[in-house]
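**Q** One structure is given below, represented as C-alpha cells, and several questions about it will come after.
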Amino acid sequence: MNDGFGWKNPVLGRELLDRLRSPKTVLTILAIAVGTCLLVQLRWPSDSRLDVVSQSSMEVFRPLAYVLTLAVMFLVPAFPATSLVNERRKGTLALLLNSPLRPWQIYVGKWLSNVILAMIMISASMPALSACYAMGGITFRSHIGPLLLVLLAMAIQYSAVGLWVSVRSHSTDASLRMTYVAVLVLSVLSVGPLAIVGNLSGGAGWIANACTALSPLSALQEITQSQSQVTDLGLSRGWLDFLVATSLVTVLFGTLTMLKLDPILMDRVKPIGKVTPKGTAYSVLRRIAFLIDPNQRKAGIPLWINPVMVKEFRTRKFGRLHWLLRIVACCIIVSLALTVVSATGTVSWGVQRIAAAMVLLQVGMLMLLGPSLGASLIAGEVESGGWQILRTTPIGPIRILTGKLWSVVWTMLILLLATLPGYIVMGYIVPVMVGQVNNVLISLLFVALFVVSTSACVSGFARSAAVATITSYTILIAFFAGTLMIWLARGKPFGPIFVERALMLNPAAAALAEIQAPGFENYQLTPWSWWVSGTISVLCLLVLAIRTWLLSRPD
Amino acid sequence: MNSSSEPVVETQNLTKRYGDFVALDGLSIHVHRGEILGFIGPNGAGKTTTIKILVGLSRPTSGSARIAGVDCSADGKRIKRLVGYMPDKFGSYDNMRVREYLDFFGAVFGIPLSKRKRRVEEVLDITDATYMQDKFVESLSHGMQQRVGIARTLLHDPEVLILDEPANGLDPKARIEMREILLRLADQGKTLIVTSHILPELARICSTVAIVTGGKLRAFGKLDDVMKSICPRRSYEIQVSDAADFAAAERSISELLLTDEPIEASQAERLFRFPTARSEADLSDILKRLIMGGLPITQFREVASDLEDAFLTIAQTKVPS
C-alpha cells in the first residue's frame with residue numbers, strides 16, 4: 001500500500017484512532033453485538049418438530065438482516081456527515097489543504113476510516129449470524145455472504161454520500177439533516193418510481209428499474225426470500241444489481257467530493273444581503289420562485305406578535321418560510337396525485353394503501369422537519385450566544401419558549417394541512433372514510449406534538465444544535481422504528497397483545513391502524529395511543545419549561 | 001434623576017464564590033454619570049463575573065451591586081432596562097439583516113413599532129452603521145459587528161452601557177472609530193464600563209480605571225491618580241551625542257545616582273534610562289553637574305509611564321491575602 005491508501009495516510013490513522021478511542025464507538029459496537037444476539041435469542045425456535053424447509057432459520061435470519069440494515073442506515077452516515085464540515089468550521093481543513101497531502105488522500109483517509117469502522121460494527125453481528133448458520137438452511141454463499149456484501153456496500157455508499165454533503169454544507173446540523181435525507185432517498189424513495197409506474201418497458205421502465213437498484217430493500221428481499229408488499233409490486237432486484245449501482249454512486253460522489261476539496265473551498269464570499277427592488281419584473285419572478293421572497297425587506301415586528309416566533313421564522317437555517325411553502329406545495333401535489341391515481345384506477349392499490357402512503361409521507365415529513373426544528377430551539381440559541389443576550393432583555397423565559405415552540409408548531413400544522421386536499425378528495429370518493437380520516441389527522445397531530453416536544457426537550461439540555469439534532473433523531477427513530485420492529489416480529493416472538501401495547505407508544509402506528517393500512521387492520525390503538533403520546537409530550541414540555549426557566553435565571 | 005455627585009454604578013464588597021473558588025473578593029467601585037470606567041485585569045481576574053452581576057446574569061454570594069439606585073440581583077427586570085450589555089460574543093442570527101436584527105431587539109424591549117423605526121435609524125446613525133442596514137449580520141466584519149452590537153445596546157436608551165472587550169480583534173482604523181463612538185456616548189451622558197486587554201486603547205478614553213487581579217480590586221480611581229499611586233518612581237532618559245566614551249559617561253551618571261536607581265544603558269541608542277523618586281530640584285542639580293562634567297547631553301527627559309506599566313506593576317505584585 002502506498003502513502004495515500006495505506007496506514008501511512010495520516011488522515012486515516014488519526015480518524016481511526018480518534019474514533020476507536022471514543023467510548024461512543026465502543027458502546028455502539030457492544031450495542032450491535034448484544035442487540036443482534038438478543039434478537040436471535042428471542043426468535044430462536046422452541047418447536048421440537050423437524051424443519052425441512054429451513055423456515056425457522058429464515059425467521060431468525062430475516063429480522064436480523066433488517067435490523068443490521070437499519071443499523072447501517074442510521075449509524076454509518078452520522079460520522080462522514082459531520083467530518084468535513086467540522087474540520088472546516090474549526091479551521092483544520094485549511095491546514096490539511098495547505099499541507100503536502102493531496103485532496104484525494106484527505107478524502108480517502110476519511111472515507112476509508114469510516115468504511116473500516118462500519119466493517120468493525122458489522123462484524124459485531126458475527127455471533128448472531130453464526131447462530132443462524134448453525135441452525136442450518138442458511139448458507140454463507142446464498143445468505144450470509146451476500147448480506148455482508150450488501151451491508152458493506154451500503155457503508156461504502158453512505159460514507160461517500162455523507163462526505164459529499166459534508167463538503168458542501170455550512171453547518172453540522174444542516175449536513176446531518178441533508179445526509180439522512182439523501183440516505184432516505186437512496187434507500188427508500190428510490191423504489192417509488194417502480195412502485196408507481198409498475199413494470200413498464202422502454203426508457204421509463206429502465207429508469208425506474210435503475211432507481212430501484214439503488215435501494216438495499218430489493219437486494220435484502222432477494223437474500224432473505226421475503227414475500228412482502230414490496231415484492232408484490234414487482235420491486236425485487238438482484239443484490240448484484242445493488243452492488244453495481246452502489247459502486248457507481250460511490251465513484252460519482254467520491255469524485256464530486258474530491259473536486260470540491262480545494263483551497264478555493266475556503267474562499268467563499270459571504271452573502272452580503274442583496275435586497276430585491278420592489279415592483280420590478282425581477283421581484284415578481286423571485287416572488288413566483290420563492291413564494292415569499294427572502295430578499296425582500298421585512299416589515300417591523302408588531303408588539304402583539306411574539307418577536308421570538310417571528311425571529312425563528314426569519315432566521316432558522318432549516319424550515320424558513322419560503323422553503324416550507326415549497327415543501328407544502330409539493331406535498332399537496334403528491335397527495336392529490338396519489339388520490340387521483342387511486343380514484344381513476346391507474347394503480348390497483350385500493351384507497352387504504354394510498355391513504356397509508358399519504359400517512360407515511362406525512363410522518364416522514366414530520367420526522368424529517370420536526371426534530372431538526374425542535375432540537376435547535378434552545379441549543380441553537382445557546383450555541384450562537386443569542387441566549388445570553390436574550391437573558392439581558394426584559395422578555396421572560398416563558399415568552400421566549402412559547403415564541404420558539406409556536407414557530408415549530410405552526411410549521412408542523414402547515415405540513416399537516418399540506419395533505420388535507422388529498423384526504424378531502426378521498427373522503428369525497430369514499431364517504432365512509434371521513435371518520436377514519438378525522439382519526440388519522442388527530443393521530444398525526446399527536447405525531448407532530450410528540451416529535452416537537454421530545455426534540456425541544458432534548459434541546460434544553462444540549463450545548464450545540466448538532467448534538468441536540470443527533471440525539472433527537474436517535475431517540476425518535478428508536479421510538480418509532482423500535483415499535484415498528486416489534487410489529488415486524490409479530491407472531492414470533494411477540495404476541496398480539498404485546499405488539500398492540502408497543503404500537504400504542506407510536507402515534508404514527510395509530511394513524512396507520514386508523515386508515516386500515518396493510519398489517520395494521522387488527523389493531524385498535526386509539527384513543528389510548530393519543531393518551532400515551534399526549535402524556536409523554538406534556539411531560540417533555542413540562543421538563544423543557546422548567547429547564548428554560550433554570551437557564552434564564554442568574555447563575 | 002441622579003446628580004453627577006451620586007454614583008450611577010456602585011458595588012459594595014461584591015463577592016462571588018463558586019464552591020471554594022473565590023471569583024470576586026469584596027469588590028467596591030463606583031462610577032458617576034458620563035464617566036468611562038476602564039475595567040482591567042488578566043484572564044480570570046473577575047471582570048466578567050463583575051459584569052455578569054451588574055447585568056443580572058449572576059447573583060453575588062455577598063455584597064451588593066446597584067445601578068441608578070436599583071439592586072442588580074433583586075430587581076432584574078428594571079436592571080435590564082437600565083443597562084445595555086454587549087458581551088464579548090456577538091450573538092448573531094443567520095439570515096437576518098442589520099435593520100431586522102435591531103428591529104427584533106427593539107420588539108423584545110417593547111418599543112412600539114411606530115417609534116422603533118425611528119429609534120433604529122437613530123442608533124444606526126450614532127454608531128455610523130446606517131450604510132450596513134441591509135447587510136446580513138453574519139456577513140459583517142468583526143468591526144462592523146461590534147458597531148451593530150453597540151447599536152443594539154443603545155436601542156432602549158439605557159443609562160449605563162457595559163461593553164465586554166469592544167476593541168478585541170479590531171484593526172487600527174476600527175479601533176479609532178470605536179473609540180470615537182464611546183467618547184461620543186460619554187459626552188451624551190451615558191455611563192460606560194469597558195473591559196479591554198488593549199490598555200493603551202483604554203487609557204485614551206477612560207476617565208476612571210479599576211484594576212482587578214485574582215478577584216481583588218488592586219487599584220481604583222481617576223486614571224492619573226492611579227498612575228501616580230502605582231508608579232511613584234518616574235523613569236528618566238539621558239541621551240548623549242557621542243558614544244565614544246560611553247563607559248565613562250555611564251560611570252559619571254552612576255556616581256550621581258543612588259544605589260536603588262539602576263541604570264539601563266543602550267550604547268546603540270546612546271541612551272541611559274533610570275527610575276527615580278527624586279524631586280525636580282534634585283534632578284535639575286544632577287543635570288547641571290553632568291553638563292559641567294563635560295558629558296555631551298542632547299536630551300534629558302521624563303518617560304511617560306502608561307497604563308500597561310501600571311497594570312504590569314500590579315500584576316507582578318503578589319495579591320495580598
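Letters A, B, ... go to the chains of the C-alpha cells in the order shown; residues in each chain start at 1; ligands are counted from 1 in the same order.
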Can you pull out every residue within 6 Å of region 34-44 of chain B, counting only C-alpha atoms, but drop anything in the same chain fewer than 2 positions away, and send it as a VMD selection string?
**A** chain B and resid 32 46 186 189 to 195 206 to 213
**Q** What residues in chain B have any atom no more than 8 Å from chain A when counting only C-alpha atoms, and can you write them as a PyMOL selection string?
**A** chain B and resi 55-59+77+80-81+85-87+89-97+100+103-104+107-113+117+134-136+139-140
**Q** Let me see the file: selected residues, N, CA and C atoms, as a compact mmCIF listing (two decimals), in the first residue's frame.
**A**
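Output below, filename part-v3.txt:
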```
# COMPACT_ATOMS: atom_id res chain seq x y z
N VAL B 55 -25.24 43.07 35.17
CA VAL B 55 -26.34 43.00 34.20
C VAL B 55 -27.41 41.99 34.61
N GLY B 56 -27.26 41.39 35.79
CA GLY B 56 -28.29 40.50 36.30
C GLY B 56 -28.19 39.07 35.82
N LEU B 57 -27.04 38.70 35.24
CA LEU B 57 -26.87 37.32 34.77
C LEU B 57 -26.31 36.42 35.86
N SER B 58 -25.85 37.03 36.93
CA SER B 58 -25.27 36.25 38.01
C SER B 58 -25.62 36.91 39.34
N ARG B 59 -25.69 36.13 40.38
CA ARG B 59 -26.01 36.66 41.71
C ARG B 59 -24.76 36.66 42.56
N LYS B 77 -35.59 42.91 36.40
CA LYS B 77 -36.39 43.48 35.30
C LYS B 77 -36.03 44.93 35.03
N LYS B 80 -32.54 45.40 33.51
CA LYS B 80 -32.46 45.13 32.08
C LYS B 80 -32.80 46.36 31.24
N ARG B 81 -33.64 47.24 31.80
CA ARG B 81 -33.98 48.47 31.07
C ARG B 81 -32.95 49.57 31.32
N TYR B 85 -26.02 45.87 27.45
CA TYR B 85 -24.86 44.99 27.64
C TYR B 85 -24.41 44.41 26.30
N MET B 86 -23.13 44.54 26.03
CA MET B 86 -22.57 43.92 24.83
C MET B 86 -21.54 42.88 25.27
N PRO B 87 -21.89 41.58 25.17
CA PRO B 87 -20.91 40.55 25.58
C PRO B 87 -19.79 40.44 24.56
N LYS B 89 -19.02 37.83 22.99
CA LYS B 89 -19.52 37.06 21.86
C LYS B 89 -20.72 37.78 21.27
N PHE B 90 -20.69 38.00 19.96
CA PHE B 90 -21.66 38.90 19.35
C PHE B 90 -23.09 38.40 19.45
N GLY B 91 -23.32 37.11 19.19
CA GLY B 91 -24.68 36.57 19.24
C GLY B 91 -25.50 36.95 18.03
N SER B 92 -24.98 36.60 16.85
CA SER B 92 -25.71 36.98 15.62
C SER B 92 -26.70 35.88 15.25
N TYR B 93 -27.65 36.24 14.42
CA TYR B 93 -28.61 35.27 13.90
C TYR B 93 -28.41 35.19 12.39
N ASP B 94 -28.51 33.98 11.87
CA ASP B 94 -28.35 33.81 10.43
C ASP B 94 -29.52 34.42 9.68
N ASN B 95 -29.26 34.76 8.44
CA ASN B 95 -30.30 35.26 7.51
C ASN B 95 -31.02 36.50 8.03
N MET B 96 -30.38 37.27 8.88
CA MET B 96 -31.03 38.45 9.41
C MET B 96 -30.22 39.68 9.02
N ARG B 97 -30.92 40.67 8.47
CA ARG B 97 -30.23 41.91 8.12
C ARG B 97 -30.08 42.77 9.38
N GLU B 100 -33.24 44.32 10.55
CA GLU B 100 -34.16 43.33 11.14
C GLU B 100 -33.67 42.89 12.52
N ASP B 103 -34.50 45.65 14.80
CA ASP B 103 -35.96 45.68 14.96
C ASP B 103 -36.41 44.58 15.93
N PHE B 104 -35.80 43.40 15.80
CA PHE B 104 -36.16 42.28 16.70
C PHE B 104 -35.89 42.66 18.15
N ALA B 107 -38.30 45.11 19.43
CA ALA B 107 -39.57 44.47 19.79
C ALA B 107 -39.45 43.75 21.13
N VAL B 108 -38.30 43.13 21.36
CA VAL B 108 -38.07 42.41 22.62
C VAL B 108 -38.12 43.40 23.79
N PHE B 109 -37.62 44.62 23.56
CA PHE B 109 -37.65 45.64 24.62
C PHE B 109 -38.99 46.37 24.68
N GLY B 110 -39.92 45.94 23.81
CA GLY B 110 -41.26 46.50 23.84
C GLY B 110 -41.38 47.91 23.29
N ILE B 111 -40.47 48.29 22.41
CA ILE B 111 -40.57 49.63 21.80
C ILE B 111 -41.66 49.56 20.72
N PRO B 112 -42.68 50.44 20.79
CA PRO B 112 -43.76 50.38 19.80
C PRO B 112 -43.22 50.52 18.37
N LEU B 113 -43.90 49.85 17.45
CA LEU B 113 -43.43 49.81 16.05
C LEU B 113 -43.23 51.21 15.48
N LYS B 117 -38.94 52.29 14.45
CA LYS B 117 -38.26 52.54 13.17
C LYS B 117 -37.32 53.75 13.30
N ASP B 134 -28.85 47.01 5.42
CA ASP B 134 -29.44 45.92 4.64
C ASP B 134 -28.52 44.71 4.52
N LYS B 135 -27.37 44.77 5.13
CA LYS B 135 -26.44 43.63 5.05
C LYS B 135 -26.84 42.55 6.07
N PHE B 136 -26.52 41.30 5.73
CA PHE B 136 -26.75 40.22 6.69
C PHE B 136 -25.75 40.36 7.83
N SER B 139 -22.59 38.35 7.78
CA SER B 139 -21.62 38.62 6.72
C SER B 139 -20.73 39.83 7.06
N LEU B 140 -21.04 40.51 8.17
CA LEU B 140 -20.28 41.72 8.53
C LEU B 140 -18.90 41.36 9.08
```
**Q** Got a sec to tell me which of region 59-275 of chain A DSSP assigns to helix (DSSP H, G or I), as number ranges by chain?
**A** A: 59-75, 78-90, 92-97, 103-123, 126-135, 140-168, 172-187, 189-197, 202-213, 216-224, 229-232, 239-260, 263-266
**Q** Smallest atom-to-atom distance to Gly137 (chain A): which of A:Thr179, A:Ser56, A:Thr276, A:Thr257, using only C-alpha atoms?
**A**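 Closest to Gly137 (chain A) of all the choices is A:Ser56.
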**Q** Write out as a ChimeraX atom specification the residues lying within 6 Å of Phe272 (chain B), counting only C-alpha atoms and excluding same-chain residues fewer than 2 positions away.
**A** /B:237-238,264-265
**Q** Would you put the residues from that selection into a file with C-alpha atoms, as a PDB file, in the first residue's frame?
**A**
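In the end it all went to part_19.pdb:
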```pdb
ATOM      1  CA  GLU B 237      16.197  59.107  29.914  1.00  0.00           C
ATOM      2  CA  ILE B 238      19.542  60.753  29.173  1.00  0.00           C
ATOM      3  CA  GLU B 264      19.786  50.671  31.880  1.00  0.00           C
ATOM      4  CA  ALA B 265      22.337  51.587  29.224  1.00  0.00           C
TER       5      ALA B 265
END
```
**Q** Would you pick out the contacts of Leu240 (chain A) at 9 Å or less, using only C-alpha atoms, so that residues sharing its chain but fewer than 4 positions from it are not included, and give the list as a ChimeraX atom specification?
**A** /A:146,150,213,219,244-245
**Q** Once you have the residues from the selection above, write them out as an mmCIF file, in the first residue's frame, restricted to C-alpha atoms.
**A**
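Generated output (again19.cif):
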```
data_model
loop_
_atom_site.group_PDB
_atom_site.id
_atom_site.type_symbol
_atom_site.label_atom_id
_atom_site.label_comp_id
_atom_site.auth_asym_id
_atom_site.auth_seq_id
_atom_site.Cartn_x
_atom_site.Cartn_y
_atom_site.Cartn_z
ATOM 1 C CA PRO A 146 -24.431 -11.555 0.143
ATOM 2 C CA VAL A 150 -24.811 -5.546 0.808
ATOM 3 C CA ALA A 213 -31.338 -0.939 -7.901
ATOM 4 C CA ALA A 219 -31.432 -6.797 -2.532
ATOM 5 C CA VAL A 244 -23.126 -2.307 -9.212
ATOM 6 C CA ALA A 245 -25.397 0.676 -8.508
#
```
**Q** Which residues, written as an mmCIF file with N, CA and C atoms, in the first residue's frame, have at least one atom at most 9 Å from Arg289 (chain B), with only C-alpha atoms counted and residues fewer than 5 positions away on the same chain left out?
**A**
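Written file, around.cif:
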```cif
data_model
loop_
_atom_site.group_PDB
_atom_site.id
_atom_site.type_symbol
_atom_site.label_atom_id
_atom_site.label_comp_id
_atom_site.auth_asym_id
_atom_site.auth_seq_id
_atom_site.Cartn_x
_atom_site.Cartn_y
_atom_site.Cartn_z
ATOM 1 N N LEU B 256 26.350 59.866 40.422
ATOM 2 C CA LEU B 256 25.400 60.884 40.877
ATOM 3 C C LEU B 256 24.090 60.292 41.399
ATOM 4 N N SER B 284 17.286 68.537 38.579
ATOM 5 C CA SER B 284 17.904 69.719 37.936
ATOM 6 C C SER B 284 19.380 69.812 38.324
ATOM 7 N N GLY B 294 31.197 67.772 31.540
ATOM 8 C CA GLY B 294 31.613 67.638 30.147
ATOM 9 C C GLY B 294 30.885 66.554 29.370
#
```
**Q** Write out as an MDAnalysis selection string all residues of region 18-263 of chain B that backbone DSSP assigns to strand (DSSP E).
**A** chainID B and resid 18 21:32 36:40 62:67 70:71 83:86 160:164 191:195 208:213 216:222 234:240
**Q** What would the file look like if the residues just selected were written as a tab-separated table (two decimals), in the first residue's frame with C-alpha atoms?
**A**
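Output contents, as saved in result.tsv:
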```tsv
chain	number	residue	atom	x	y	z
B	18	TYR	CA	-18.01	29.06	43.16
B	21	PHE	CA	-13.02	29.21	44.36
B	22	VAL	CA	-13.32	32.93	45.03
B	23	ALA	CA	-14.00	34.62	41.71
B	24	LEU	CA	-14.59	38.03	43.22
B	25	ASP	CA	-13.45	39.16	46.62
B	26	GLY	CA	-15.02	42.26	48.18
B	27	LEU	CA	-15.04	44.50	45.11
B	28	SER	CA	-16.14	48.07	45.80
B	29	ILE	CA	-16.27	50.55	42.96
B	30	HIS	CA	-18.43	53.48	41.92
B	31	VAL	CA	-18.88	55.19	38.58
B	32	HIS	CA	-20.53	58.55	38.00
B	36	ILE	CA	-15.97	55.78	31.29
B	37	LEU	CA	-14.61	53.14	33.62
B	38	GLY	CA	-11.82	51.01	32.24
B	39	PHE	CA	-12.09	47.61	33.85
B	40	ILE	CA	-8.71	45.95	33.61
B	62	SER	CA	-22.39	38.56	49.29
B	63	GLY	CA	-22.18	42.31	48.91
B	64	SER	CA	-24.32	44.46	46.68
B	65	ALA	CA	-24.35	45.97	43.23
B	66	ARG	CA	-26.62	48.86	42.30
B	67	ILE	CA	-27.26	50.70	39.08
B	70	VAL	CA	-31.61	49.70	41.68
B	71	ASP	CA	-30.31	46.49	43.20
B	83	VAL	CA	-28.30	48.61	31.23
B	84	GLY	CA	-27.19	47.97	27.69
B	85	TYR	CA	-24.86	44.99	27.64
B	86	MET	CA	-22.57	43.92	24.83
B	160	VAL	CA	-25.35	52.51	31.57
B	161	LEU	CA	-23.51	50.67	28.83
B	162	ILE	CA	-21.41	47.67	29.74
B	163	LEU	CA	-19.12	46.58	26.94
B	164	ASP	CA	-17.02	43.45	27.25
B	191	THR	CA	-22.05	55.87	31.80
B	192	LEU	CA	-19.76	53.28	30.31
B	193	ILE	CA	-17.97	50.31	31.78
B	194	VAL	CA	-15.48	48.94	29.29
B	195	THR	CA	-13.19	45.96	29.63
B	208	THR	CA	-11.57	56.13	35.73
B	209	VAL	CA	-9.85	52.76	35.94
B	210	ALA	CA	-10.30	49.69	38.09
B	211	ILE	CA	-7.59	47.05	38.08
B	212	VAL	CA	-8.51	43.61	39.36
B	213	THR	CA	-6.34	40.56	39.76
B	216	LYS	CA	-9.44	41.52	44.22
B	217	LEU	CA	-9.56	45.20	43.39
B	218	ARG	CA	-5.94	46.33	43.21
B	219	ALA	CA	-6.36	49.89	42.09
B	220	PHE	CA	-9.31	52.17	41.52
B	221	GLY	CA	-9.73	55.84	40.81
B	222	LYS	CA	-9.04	58.59	38.28
B	234	ARG	CA	9.25	58.11	37.32
B	235	SER	CA	11.55	56.95	34.54
B	236	TYR	CA	14.10	59.35	33.06
B	237	GLU	CA	16.20	59.11	29.91
B	238	ILE	CA	19.54	60.75	29.17
B	239	GLN	CA	20.81	60.72	25.62
B	240	VAL	CA	24.39	61.67	24.70
```
**Q** Please provide the set of residues having any atom within 9 Å of Ala510 (chain A), restricted to only C-alpha atoms, with same-chain residues fewer than 2 positions apart removed, written as an MDAnalysis selection string.
**A** chainID A and resid 439:440 443:444 503:508 512:515 520 523:527 529:530
